[in-house]
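K.L.:
The file below is my_file-v3.pdb, PDB, C-alpha atoms:
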```
ATOM      1  CA  MET I 289     129.337 177.651  15.652
ATOM      2  CA  SER I 290     128.120 174.193  16.578
ATOM      3  CA  HIS I 291     130.052 171.799  18.815
ATOM      4  CA  GLU I 292     128.111 168.823  17.433
ATOM      5  CA  PRO I 293     130.934 167.415  15.233
ATOM      6  CA  ALA I 294     133.391 167.626  18.144
ATOM      7  CA  ARG I 295     130.846 166.028  20.496
ATOM      8  CA  ALA I 296     130.054 163.262  18.003
ATOM      9  CA  SER I 297     133.767 162.581  17.586
ATOM     10  CA  ALA I 298     134.321 162.537  21.357
ATOM     11  CA  ILE I 299     131.392 160.125  21.819
ATOM     12  CA  ALA I 300     132.760 157.850  19.087
ATOM     13  CA  ASP I 301     136.196 157.931  20.758
ATOM     14  CA  LEU I 302     134.646 157.102  24.143
ATOM     15  CA  MET I 303     132.654 154.178  22.707
ATOM     16  CA  ARG I 304     135.718 152.836  20.898
ATOM     17  CA  ALA I 305     137.850 153.145  24.053
ATOM     18  CA  GLY I 306     135.145 151.377  26.073
ATOM     19  CA  ARG I 307     134.992 148.480  23.619
ATOM     20  CA  GLU I 308     138.775 148.141  23.573
ATOM     21  CA  THR I 309     138.952 148.279  27.373
ATOM     22  CA  SER I 310     136.276 145.598  27.584
ATOM     23  CA  ARG I 311     138.086 143.405  25.078
ATOM     24  CA  LEU I 312     141.428 143.776  26.838
ATOM     25  CA  SER I 313     139.781 143.107  30.180
ATOM     26  CA  MET I 314     138.437 139.795  28.863
ATOM     27  CA  VAL I 315     141.815 138.827  27.377
ATOM     28  CA  PHE I 316     143.459 139.711  30.695
ATOM     29  CA  ARG I 317     140.879 137.628  32.636
ATOM     30  CA  TYR I 318     141.498 134.628  30.383
ATOM     31  CA  ALA I 319     145.256 134.935  30.966
ATOM     32  CA  ILE I 320     144.781 135.180  34.755
ATOM     33  CA  ALA I 321     142.422 132.191  34.774
ATOM     34  CA  GLU I 322     144.876 130.146  32.730
ATOM     35  CA  ARG I 323     147.747 131.057  35.066
ATOM     36  CA  LEU I 324     145.674 129.888  38.048
ATOM     37  CA  GLY I 325     144.531 126.717  36.280
ATOM     38  CA  LEU I 326     140.917 127.882  36.299
ATOM     39  CA  THR I 327     138.266 128.702  33.741
ATOM     40  CA  VAL I 328     137.054 132.280  33.364
ATOM     41  CA  SER I 329     133.725 131.208  34.872
ATOM     42  CA  ASP I 330     135.601 129.811  37.886
ATOM     43  CA  LEU I 331     137.451 133.093  38.223
ATOM     44  CA  GLU I 332     134.234 135.136  37.938
ATOM     45  CA  CYS I 333     132.652 132.985  40.647
ATOM     46  CA  LEU I 334     135.637 133.430  42.965
ATOM     47  CA  ASP I 335     135.762 137.189  42.323
ATOM     48  CA  TYR I 336     132.058 137.456  43.121
ATOM     49  CA  LEU I 337     132.526 135.485  46.345
ATOM     50  CA  ALA I 338     135.507 137.686  47.274
ATOM     51  CA  ASP I 339     133.197 140.705  46.980
ATOM     52  CA  VAL I 340     130.181 139.305  48.840
ATOM     53  CA  GLY I 341     131.719 136.775  51.231
ATOM     54  CA  SER I 342     129.133 134.021  50.857
ATOM     55  CA  ALA I 343     126.332 133.412  48.386
ATOM     56  CA  THR I 344     123.846 130.754  47.493
ATOM     57  CA  ALA I 345     124.507 128.573  44.469
ATOM     58  CA  GLY I 346     121.518 130.279  42.834
ATOM     59  CA  GLN I 347     123.066 133.713  43.365
ATOM     60  CA  VAL I 348     126.329 132.462  41.852
ATOM     61  CA  ALA I 349     124.378 131.153  38.847
ATOM     62  CA  GLU I 350     122.643 134.499  38.437
ATOM     63  CA  ARG I 351     125.838 136.559  38.715
ATOM     64  CA  THR I 352     127.847 134.342  36.367
ATOM     65  CA  ASN I 353     124.976 133.813  33.897
ATOM     66  CA  LEU I 354     125.427 130.034  34.128
ATOM     67  CA  THR I 355     122.799 127.344  34.443
ATOM     68  CA  THR I 356     122.312 125.796  37.854
ATOM     69  CA  GLY I 357     123.724 122.526  36.475
ATOM     70  CA  ALA I 358     126.879 124.256  35.269
ATOM     71  CA  VAL I 359     127.227 126.029  38.627
ATOM     72  CA  THR I 360     126.856 122.738  40.487
ATOM     73  CA  SER I 361     129.728 121.258  38.452
ATOM     74  CA  MET I 362     131.835 124.382  38.865
ATOM     75  CA  LEU I 363     131.294 124.516  42.630
ATOM     76  CA  ARG I 364     132.171 120.836  42.976
ATOM     77  CA  ARG I 365     135.393 121.471  41.032
ATOM     78  CA  LEU I 366     136.251 124.587  43.106
ATOM     79  CA  GLN I 367     135.511 122.742  46.337
ATOM     80  CA  GLN I 368     137.742 119.815  45.337
ATOM     81  CA  ALA I 369     140.502 122.302  44.458
ATOM     82  CA  GLY I 370     140.136 123.865  47.919
ATOM     83  CA  TYR I 371     138.912 127.307  46.825
ATOM     84  CA  VAL I 372     135.429 127.196  48.358
ATOM     85  CA  THR I 373     133.403 125.509  51.027
ATOM     86  CA  THR I 374     129.756 124.613  50.638
ATOM     87  CA  GLU I 375     127.127 123.961  53.250
ATOM     88  CA  ARG I 376     123.386 123.576  53.370
ATOM     89  CA  ASP I 377     121.463 126.685  54.347
ATOM     90  CA  PRO I 378     120.068 125.957  57.839
ATOM     91  CA  ALA I 379     116.982 128.054  57.017
ATOM     92  CA  ASP I 380     116.294 126.185  53.756
ATOM     93  CA  ARG I 381     118.039 122.825  53.372
ATOM     94  CA  ARG I 382     117.435 122.910  49.594
ATOM     95  CA  ARG I 383     119.844 125.835  49.211
ATOM     96  CA  VAL I 384     123.625 125.580  49.258
ATOM     97  CA  ILE I 385     125.747 128.423  50.634
ATOM     98  CA  VAL I 386     129.157 128.842  49.028
ATOM     99  CA  THR I 387     132.039 130.616  50.762
ATOM    100  CA  LEU I 388     135.481 131.475  49.438
ATOM    101  CA  ARG I 389     138.180 130.013  51.683
ATOM    102  CA  PRO I 390     140.035 133.008  53.197
ATOM    103  CA  GLU I 391     143.418 131.271  53.067
ATOM    104  CA  ARG I 392     143.172 131.134  49.242
ATOM    105  CA  ILE I 393     142.472 134.863  48.713
ATOM    106  CA  ALA I 394     146.149 135.919  48.578
ATOM    107  CA  GLU I 395     146.811 133.280  45.917
ATOM    108  CA  LEU I 396     143.941 134.636  43.816
ATOM    109  CA  GLU I 397     145.102 138.242  44.242
ATOM    110  CA  ARG I 398     148.762 137.586  43.370
ATOM    111  CA  PRO I 399     148.378 137.661  39.552
ATOM    112  CA  TYR I 400     146.625 141.054  39.837
ATOM    113  CA  GLU I 401     149.224 142.734  42.070
ATOM    114  CA  ARG I 402     151.245 144.489  39.348
ATOM    115  CA  PHE I 403     148.089 145.646  37.570
ATOM    116  CA  ALA I 404     146.599 146.895  40.864
ATOM    117  CA  GLU I 405     149.749 148.903  41.632
ATOM    118  CA  ARG I 406     149.705 150.488  38.183
ATOM    119  CA  ALA I 407     145.974 151.226  38.455
ATOM    120  CA  GLU I 408     146.525 152.878  41.826
ATOM    121  CA  ARG I 409     149.211 155.157  40.358
ATOM    122  CA  LEU I 410     146.882 156.024  37.469
ATOM    123  CA  ILE I 411     143.994 156.831  39.812
ATOM    124  CA  GLU I 412     146.189 159.060  41.986
ATOM    125  CA  GLY I 413     146.310 161.490  39.062
ATOM    126  CA  TYR I 414     142.541 162.087  39.117
ATOM    127  CA  SER I 415     140.733 164.737  41.130
ATOM    128  CA  VAL I 416     137.863 163.816  43.458
ATOM    129  CA  ASP I 417     135.417 165.245  40.888
ATOM    130  CA  GLU I 418     136.921 163.109  38.138
ATOM    131  CA  LEU I 419     136.798 160.010  40.335
ATOM    132  CA  THR I 420     133.169 160.743  41.204
ATOM    133  CA  LEU I 421     132.357 161.035  37.503
ATOM    134  CA  LEU I 422     134.089 157.732  36.760
ATOM    135  CA  VAL I 423     132.268 155.952  39.587
ATOM    136  CA  ARG I 424     128.933 157.316  38.347
ATOM    137  CA  HIS I 425     129.770 156.227  34.797
ATOM    138  CA  PHE I 426     130.723 152.689  35.864
ATOM    139  CA  GLU I 427     127.620 152.350  38.055
ATOM    140  CA  ARG I 428     125.420 153.385  35.142
ATOM    141  CA  MET I 429     127.240 150.997  32.798
ATOM    142  CA  GLN I 430     126.791 148.159  35.299
ATOM    143  CA  ALA I 431     123.057 148.881  35.478
ATOM    144  CA  MET I 432     122.876 148.836  31.678
ATOM    145  CA  TYR I 433     124.762 145.525  31.500
ATOM    146  CA  LEU I 434     122.422 143.973  34.078
ATOM    147  CA  ALA I 435     119.351 145.207  32.192
ATOM    148  CA  GLU I 436     120.681 143.893  28.887
ATOM    149  CA  LEU I 437     121.562 140.549  30.472
ATOM    150  CA  ASP I 438     117.991 140.312  31.759
ATOM    151  CA  HIS I 439     116.699 140.924  28.226
ATOM    152  CA  LEU I 440     119.076 138.364  26.714
ATOM    153  CA  VAL I 441     118.279 135.722  29.325
ATOM    154  CA  SER I 442     114.550 136.288  29.048
ATOM    155  CA  GLY I 443     114.775 135.990  25.264
ATOM    156  CA  ASP I 444     113.618 139.571  24.746
ATOM    157  CA  THR I 445     115.402 140.736  21.606
ATOM    158  CA  ALA I 446     113.439 143.946  21.137
ATOM    159  CA  GLN I 447     115.554 147.094  21.065
ATOM    160  CA  ARG I 448     114.829 149.425  23.966
ATOM    161  CA  SER I 449     116.472 152.618  25.095
ATOM    162  CA  ALA I 450     117.255 153.187  28.763
TER     163      ALA I 450
END
```
Please render this file's structure as structure tokens.

P.N.:
Amino acid sequence: MSHEPARASAIADLMRAGRETSRLSMVFRYAIAERLGLTVSDLECLDYLADVGSATAGQVAERTNLTTGAVTSMLRRLQQAGYVTTERDPADRRRVIVTLRPERIAELERPYERFAERAERLIEGYSVDELTLLVRHFERMQAMYLAELDHLVSGDTAQRSA
């Protein structure tokens, strides 16, 4: 007896759940950005800086998929609002290094607190093996997203399998 119909159904369910999670994540991000008086791009920039500490404007552009002109405007806006500092790179004066202001981190985390608590309770129910599987899955998905973004940005519309 073949397990193919059950596997195909499980794969379809997983893909559907992934799409819905992605959609809800975007809706949630828009609501958080609105609550903070930011755009989603602003929020993505600040989240990236929270993860890496400091980055060049070019790195911010790459990670947010924005043009350098759009990033320049965004960074000016975030600097005026007191979220980031910018300084010239001493090694290359053409580059600008952007840093999230540490005193603003708590303010940015506040809208996520309830969600983070609920996520922590959810995760507590998983075994180490299940968590390892989830981490591996997310890392592979991230790699796929980055590869697809590269293809979209480069104008490559050819279908390729990973």

K.L.:
Any chance you could work out the residue set of the PyMOL selection byres ((chain I and resi 393) around 12) here, as a PyMOL selection string?

P.N.:
chain I and resi 331+334-335+337-339+341+370-372+387-392+394-400

K.L.:
Write the residues of the selection above to a file with C-alpha atoms, as a PDB file, in the frame of the given file.

P.N.:
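So selection_35.pdb came out as:
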```
ATOM      1  CA  LEU I 331     137.451 133.093  38.223  1.00  0.00           C
ATOM      2  CA  LEU I 334     135.637 133.430  42.965  1.00  0.00           C
ATOM      3  CA  ASP I 335     135.762 137.189  42.323  1.00  0.00           C
ATOM      4  CA  LEU I 337     132.526 135.485  46.345  1.00  0.00           C
ATOM      5  CA  ALA I 338     135.507 137.686  47.274  1.00  0.00           C
ATOM      6  CA  ASP I 339     133.197 140.705  46.980  1.00  0.00           C
ATOM      7  CA  GLY I 341     131.719 136.775  51.231  1.00  0.00           C
ATOM      8  CA  GLY I 370     140.136 123.865  47.919  1.00  0.00           C
ATOM      9  CA  TYR I 371     138.912 127.307  46.825  1.00  0.00           C
ATOM     10  CA  VAL I 372     135.429 127.196  48.358  1.00  0.00           C
ATOM     11  CA  THR I 387     132.039 130.616  50.762  1.00  0.00           C
ATOM     12  CA  LEU I 388     135.481 131.475  49.438  1.00  0.00           C
ATOM     13  CA  ARG I 389     138.180 130.013  51.683  1.00  0.00           C
ATOM     14  CA  PRO I 390     140.035 133.008  53.197  1.00  0.00           C
ATOM     15  CA  GLU I 391     143.418 131.271  53.067  1.00  0.00           C
ATOM     16  CA  ARG I 392     143.172 131.134  49.242  1.00  0.00           C
ATOM     17  CA  ALA I 394     146.149 135.919  48.578  1.00  0.00           C
ATOM     18  CA  GLU I 395     146.811 133.280  45.917  1.00  0.00           C
ATOM     19  CA  LEU I 396     143.941 134.636  43.816  1.00  0.00           C
ATOM     20  CA  GLU I 397     145.102 138.242  44.242  1.00  0.00           C
ATOM     21  CA  ARG I 398     148.762 137.586  43.370  1.00  0.00           C
ATOM     22  CA  PRO I 399     148.378 137.661  39.552  1.00  0.00           C
ATOM     23  CA  TYR I 400     146.625 141.054  39.837  1.00  0.00           C
TER      24      TYR I 400
END
```

K.L.:
One decimal, in Å: what's the spacing between CA of Leu354 (chain I) and CA of Ser329 (chain I)?

P.N.:
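Result for CA of Leu354 (chain I) versus CA of Ser329 (chain I): 8.4 Å, one decimal.
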
K.L.:
Can you list, as a ChimeraX atom specification, every protein, DNA or RNA residue that comes within 12 Å of region 430-444 of chain I when you count all atoms listed in the file, leaving out same-chain residues fewer than 5 positions away?

P.N.:
/I:350-355,423-425,449-450

K.L.:
With the file shown as input, list the residues that the PyMOL selection byres ((chain I and resi 299-316) around 12) selects, as a VMD selection string.

P.N.:
chain I and resid 292 to 298 317 to 323 328 to 329 331 to 332 399 to 400 403 425 to 426 429

K.L.:
Using Å and a single decimal, report how far CA of Arg376 (chain I) sits from CA of Leu324 (chain I).

P.N.:
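Interatomic distance, CA of Leu324 (chain I) to CA of Arg376 (chain I): 27.8 Å.
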
K.L.:
Between I:Tyr336, I:Leu421, I:Leu326, I:Glu427, which has the minimum distance to Ala349 (chain I) (counting only C-alpha atoms)?

P.N.:
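For Ala349 (chain I), the nearest of the candidates is I:Tyr336.
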
K.L.:
For CA of Ala358 (chain I) and CA of Val340 (chain I), quote the distance in Å rounded to one decimal.

P.N.:
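Between CA of Ala358 (chain I) and CA of Val340 (chain I) the gap is 20.5 Å.
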
K.L.:
Kindly indicate which residue among I:Glu408, I:Arg383, I:Asp377, I:Ser415 lies nearest to Thr360 (chain I), using all atoms listed in the file for the distances.

P.N.:
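Answer, going by the shortest atom-to-atom distance: I:Arg383.
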
K.L.:
Using all atoms of region 416-425 of chain I that appear in the file, construct an axis-aligned enclosing box with 3 Å of padding on every side and provide its centre coordinates and edge lengths in Å, rounded to one decimal, as JSON.

P.N.:
```
{"center_x": 133.4, "center_y": 160.6, "center_z": 39.1, "size_x": 14.9, "size_y": 15.3, "size_z": 14.7}
```
